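Written out below as structure tokens is the structure these notes cover.
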Amino acid sequence: MTKAPAACLIGWPAAHSRSPLIHRYWLRTLGIEGGYVIEAVPPDNLRDFVLRLSLRGFVGANVTIPHKEGVLELSTPDARARAVGAANTLWFADGELRSTNTDVEGFIGNLDASAPGWDAAEEALVLGAGGSSRAIVFGLLERGISRVHLANRTIARAEMIAREFGPKVHPVAWDGIDDILSRARLLVNTTSLGMHGQPSLDLDVARLPDGAVIADLVYVPLATPLLAAAKARGLKTADGLGMLLHQAVRGFELWFGQRPQVTAELRALVEADLTKT
């Protein structure tokens, strides 16, 4: 008998991940015989684990901290993974282990679902210059946003990303954010500010233009102070949980051969799990 296909999450630590909840839901609702498990892999064991992924019985994997950069040299990355400098999804094609970064399409897919028409914005303001920020900048440029202002507390990091992505990306000092807000029709927070246990994001959403869209990658809490302030102004928002759900779609399709849907039922399931922590 042929063994049912299985995928895994590679991370260190990894027990906190909601990926098993998401993928097992899709396997169950689509009636697919398959599995999804967590594999806690220490950095020293990453190379051996990834190179033996197929021998371990896996058709692919998600990759989380701290391995997103390390798997690039162990696989054949696509243009997105190379541009972002990190991969979060591995799969096999023609006997070759390939990698991509689905944070890009997760972010864009969530915006399309939550705030249709958001891409009419000419200028966007992205807060933070970490790995997630790189995926967001790539996605915005790919979608045709003319100007991406990138603000970071350490401006040298924003300047480095701007050099890599070209003249459409404009580095901004953290104390220069107020000067950009009135022109930014899209604001994206990729920092941990506003997350449970972290300092709040001190930003005046009243300075944003009417019709602006606000996205926050934080999903604990689900309604961050930034999103709450935006909704109080009547602005459209896209939350971090939506991105988490949408980024999982392509990996599932690559591994199990069917494209799943992000449904209200799935969101409610993950929301309920988040509120238990």
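Chain labels A, B, ... are given in the sequence in which chains occur in the structure tokens; within each chain residues are numbered consecutively from 1, and ligands are likewise numbered from 1 in the order shown.
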
Inset, instruction - Could you pull out the residues in segment 41-119 of chain A that DSSP calls strand (DSSP E) from the backbone, as an MDAnalysis selection string? - result: chainID A and resid 58:63 76:77 89:93 96:100

Show me, as JSON lines, the residues of segment 171-264 of chain A having an atom within 9 Å of segment 123-143 of chain A, each with the closest atom pair and its distance in Å, using only C-alpha atoms.
```
{"residue": "A:Trp174", "atom": "CA", "partner": "A:Leu127", "partner_atom": "CA", "distance": 8.6}
{"residue": "A:Ile177", "atom": "CA", "partner": "A:Leu125", "partner_atom": "CA", "distance": 8.4}
{"residue": "A:Ile180", "atom": "CA", "partner": "A:Leu125", "partner_atom": "CA", "distance": 7.4}
{"residue": "A:Leu181", "atom": "CA", "partner": "A:Leu125", "partner_atom": "CA", "distance": 7.5}
{"residue": "A:Arg183", "atom": "CA", "partner": "A:Glu123", "partner_atom": "CA", "distance": 6.7}
{"residue": "A:Ala184", "atom": "CA", "partner": "A:Ala124", "partner_atom": "CA", "distance": 5.0}
{"residue": "A:Arg185", "atom": "CA", "partner": "A:Ala124", "partner_atom": "CA", "distance": 6.1}
{"residue": "A:Leu186", "atom": "CA", "partner": "A:Ala124", "partner_atom": "CA", "distance": 4.6}
{"residue": "A:Leu187", "atom": "CA", "partner": "A:Leu125", "partner_atom": "CA", "distance": 4.9}
{"residue": "A:Val188", "atom": "CA", "partner": "A:Val126", "partner_atom": "CA", "distance": 4.8}
{"residue": "A:Asn189", "atom": "CA", "partner": "A:Leu127", "partner_atom": "CA", "distance": 4.9}
{"residue": "A:Thr190", "atom": "CA", "partner": "A:Gly128", "partner_atom": "CA", "distance": 5.4}
{"residue": "A:Thr191", "atom": "CA", "partner": "A:Gly128", "partner_atom": "CA", "distance": 5.1}
{"residue": "A:Ser192", "atom": "CA", "partner": "A:Gly128", "partner_atom": "CA", "distance": 8.8}
{"residue": "A:Leu217", "atom": "CA", "partner": "A:Ser132", "partner_atom": "CA", "distance": 8.6}
```

For the residues in the current selection, export all heavy atoms as a compact mmCIF listing (two decimals), in the first residue's frame.
```
# COMPACT_ATOMS: atom_id res chain seq x y z
N TRP A 174 12.79 56.64 12.04
CA TRP A 174 11.58 56.41 12.83
C TRP A 174 10.90 57.73 13.20
O TRP A 174 9.66 57.81 13.20
CB TRP A 174 11.92 55.62 14.09
CG TRP A 174 10.74 54.97 14.72
CD1 TRP A 174 10.10 55.35 15.87
CD2 TRP A 174 10.02 53.82 14.24
NE1 TRP A 174 9.06 54.52 16.15
CE2 TRP A 174 8.98 53.56 15.16
CE3 TRP A 174 10.17 52.99 13.13
CZ2 TRP A 174 8.09 52.51 15.00
CZ3 TRP A 174 9.27 51.93 12.98
CH2 TRP A 174 8.24 51.70 13.90
N ILE A 177 8.31 59.36 10.55
CA ILE A 177 7.06 58.69 10.15
C ILE A 177 5.92 59.68 9.97
O ILE A 177 5.14 59.61 9.00
CB ILE A 177 6.68 57.60 11.19
CG1 ILE A 177 7.65 56.42 11.09
CG2 ILE A 177 5.24 57.13 10.98
CD1 ILE A 177 7.43 55.37 12.16
N ILE A 180 5.27 61.22 6.65
CA ILE A 180 4.82 60.35 5.56
C ILE A 180 3.34 60.00 5.69
O ILE A 180 2.65 59.76 4.70
CB ILE A 180 5.64 59.05 5.52
CG1 ILE A 180 7.14 59.36 5.49
CG2 ILE A 180 5.25 58.17 4.34
CD1 ILE A 180 7.59 60.08 4.24
N LEU A 181 2.83 59.98 6.92
CA LEU A 181 1.48 59.46 7.18
C LEU A 181 0.40 60.09 6.31
O LEU A 181 -0.49 59.39 5.81
CB LEU A 181 1.12 59.63 8.66
CG LEU A 181 1.76 58.65 9.64
CD1 LEU A 181 1.39 59.03 11.07
CD2 LEU A 181 1.34 57.22 9.34
N ARG A 183 0.40 61.00 3.40
CA ARG A 183 0.43 60.59 1.98
C ARG A 183 0.24 59.08 1.81
O ARG A 183 0.05 58.60 0.70
CB ARG A 183 1.77 60.98 1.34
CG ARG A 183 2.15 62.42 1.57
CD ARG A 183 3.16 62.89 0.54
NE ARG A 183 4.34 62.06 0.44
CZ ARG A 183 5.44 62.24 1.17
NH1 ARG A 183 5.48 63.21 2.08
NH2 ARG A 183 6.49 61.47 0.99
N ALA A 184 0.33 58.34 2.89
CA ALA A 184 0.32 56.88 2.81
C ALA A 184 -1.11 56.34 2.80
O ALA A 184 -1.81 56.43 3.81
CB ALA A 184 1.10 56.28 3.97
N ARG A 185 -1.52 55.80 1.68
CA ARG A 185 -2.86 55.21 1.61
C ARG A 185 -2.85 53.74 2.01
O ARG A 185 -3.89 53.08 2.05
CB ARG A 185 -3.44 55.39 0.21
CG ARG A 185 -3.57 56.86 -0.20
CD ARG A 185 -4.39 57.02 -1.45
NE ARG A 185 -5.80 56.70 -1.21
CZ ARG A 185 -6.69 57.56 -0.70
NH1 ARG A 185 -6.32 58.78 -0.37
NH2 ARG A 185 -7.94 57.19 -0.54
N LEU A 186 -1.65 53.24 2.29
CA LEU A 186 -1.51 51.89 2.84
C LEU A 186 -0.43 51.94 3.91
O LEU A 186 0.69 52.39 3.66
CB LEU A 186 -1.11 50.89 1.76
CG LEU A 186 -0.80 49.46 2.25
CD1 LEU A 186 -2.05 48.81 2.84
CD2 LEU A 186 -0.23 48.61 1.11
N LEU A 187 -0.77 51.48 5.11
CA LEU A 187 0.17 51.41 6.23
C LEU A 187 0.28 49.96 6.67
O LEU A 187 -0.74 49.30 6.90
CB LEU A 187 -0.33 52.27 7.39
CG LEU A 187 0.44 52.13 8.71
CD1 LEU A 187 1.86 52.69 8.58
CD2 LEU A 187 -0.31 52.82 9.85
N VAL A 188 1.51 49.46 6.77
CA VAL A 188 1.72 48.06 7.16
C VAL A 188 2.68 48.00 8.34
O VAL A 188 3.81 48.51 8.26
CB VAL A 188 2.32 47.24 5.99
CG1 VAL A 188 2.40 45.77 6.39
CG2 VAL A 188 1.50 47.42 4.72
N ASN A 189 2.25 47.38 9.44
CA ASN A 189 3.13 47.17 10.58
C ASN A 189 3.71 45.76 10.54
O ASN A 189 2.97 44.79 10.65
CB ASN A 189 2.38 47.38 11.90
CG ASN A 189 3.27 47.07 13.10
OD1 ASN A 189 4.45 47.44 13.11
ND2 ASN A 189 2.72 46.41 14.11
N THR A 190 5.03 45.66 10.37
CA THR A 190 5.68 44.34 10.39
C THR A 190 6.49 44.16 11.67
O THR A 190 7.16 43.15 11.82
CB THR A 190 6.61 44.16 9.18
OG1 THR A 190 7.81 44.91 9.38
CG2 THR A 190 5.94 44.58 7.89
N THR A 191 6.44 45.15 12.58
CA THR A 191 7.19 45.04 13.83
C THR A 191 6.40 44.26 14.87
O THR A 191 5.23 43.92 14.66
CB THR A 191 7.50 46.44 14.40
OG1 THR A 191 6.31 46.99 15.00
CG2 THR A 191 8.02 47.39 13.32
N SER A 192 7.01 44.02 16.02
CA SER A 192 6.32 43.34 17.13
C SER A 192 5.60 44.33 18.03
O SER A 192 4.96 43.93 19.01
CB SER A 192 7.32 42.54 17.96
OG SER A 192 8.31 43.40 18.51
N LEU A 217 0.71 42.76 10.93
CA LEU A 217 1.10 41.35 10.88
C LEU A 217 0.95 40.66 12.23
O LEU A 217 0.97 39.43 12.32
CB LEU A 217 2.53 41.20 10.37
CG LEU A 217 2.69 41.08 8.85
CD1 LEU A 217 2.09 42.26 8.12
CD2 LEU A 217 4.17 40.93 8.47
```

Could you build a table of the residues in segment 10-100 of chain A lying no more than 8 Å from segment 238-262 of chain A, giving for each the nearest pair of atoms and their separation in Å rounded to one decimal place, using only C-alpha atoms, ordered by chain and ascending residue number, as JSON lines?
```
{"residue": "A:Ser19", "atom": "CA", "partner": "A:Ala248", "partner_atom": "CA", "distance": 7.7}
{"residue": "A:Ile22", "atom": "CA", "partner": "A:Leu245", "partner_atom": "CA", "distance": 7.4}
{"residue": "A:His23", "atom": "CA", "partner": "A:Phe252", "partner_atom": "CA", "distance": 7.0}
{"residue": "A:Trp26", "atom": "CA", "partner": "A:Pro260", "partner_atom": "CA", "distance": 6.5}
{"residue": "A:Leu30", "atom": "CA", "partner": "A:Pro260", "partner_atom": "CA", "distance": 7.9}
{"residue": "A:Ile32", "atom": "CA", "partner": "A:Phe256", "partner_atom": "CA", "distance": 7.8}
{"residue": "A:Gly34", "atom": "CA", "partner": "A:Phe256", "partner_atom": "CA", "distance": 7.8}
{"residue": "A:Val59", "atom": "CA", "partner": "A:Trp255", "partner_atom": "CA", "distance": 6.0}
{"residue": "A:Gly60", "atom": "CA", "partner": "A:Trp255", "partner_atom": "CA", "distance": 6.2}
{"residue": "A:Ala61", "atom": "CA", "partner": "A:Gly251", "partner_atom": "CA", "distance": 7.9}
{"residue": "A:Asn62", "atom": "CA", "partner": "A:Gly251", "partner_atom": "CA", "distance": 7.5}
{"residue": "A:Thr89", "atom": "CA", "partner": "A:Gly251", "partner_atom": "CA", "distance": 6.2}
{"residue": "A:Leu90", "atom": "CA", "partner": "A:Gly251", "partner_atom": "CA", "distance": 7.8}
{"residue": "A:Trp91", "atom": "CA", "partner": "A:Trp255", "partner_atom": "CA", "distance": 6.7}
```

Legend entry - Residue nearest Glu69 of chain A - candidates A:Thr100, A:Leu53, A:Ala173, A:Thr263, atoms counted: only C-alpha atoms: A:Thr100

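The residue that comes closest to Arg147 of chain A, out of A:Pro5, A:Leu21, A:Glu164, A:Val169 and on the basis of only C-alpha atoms, is A:Val169.
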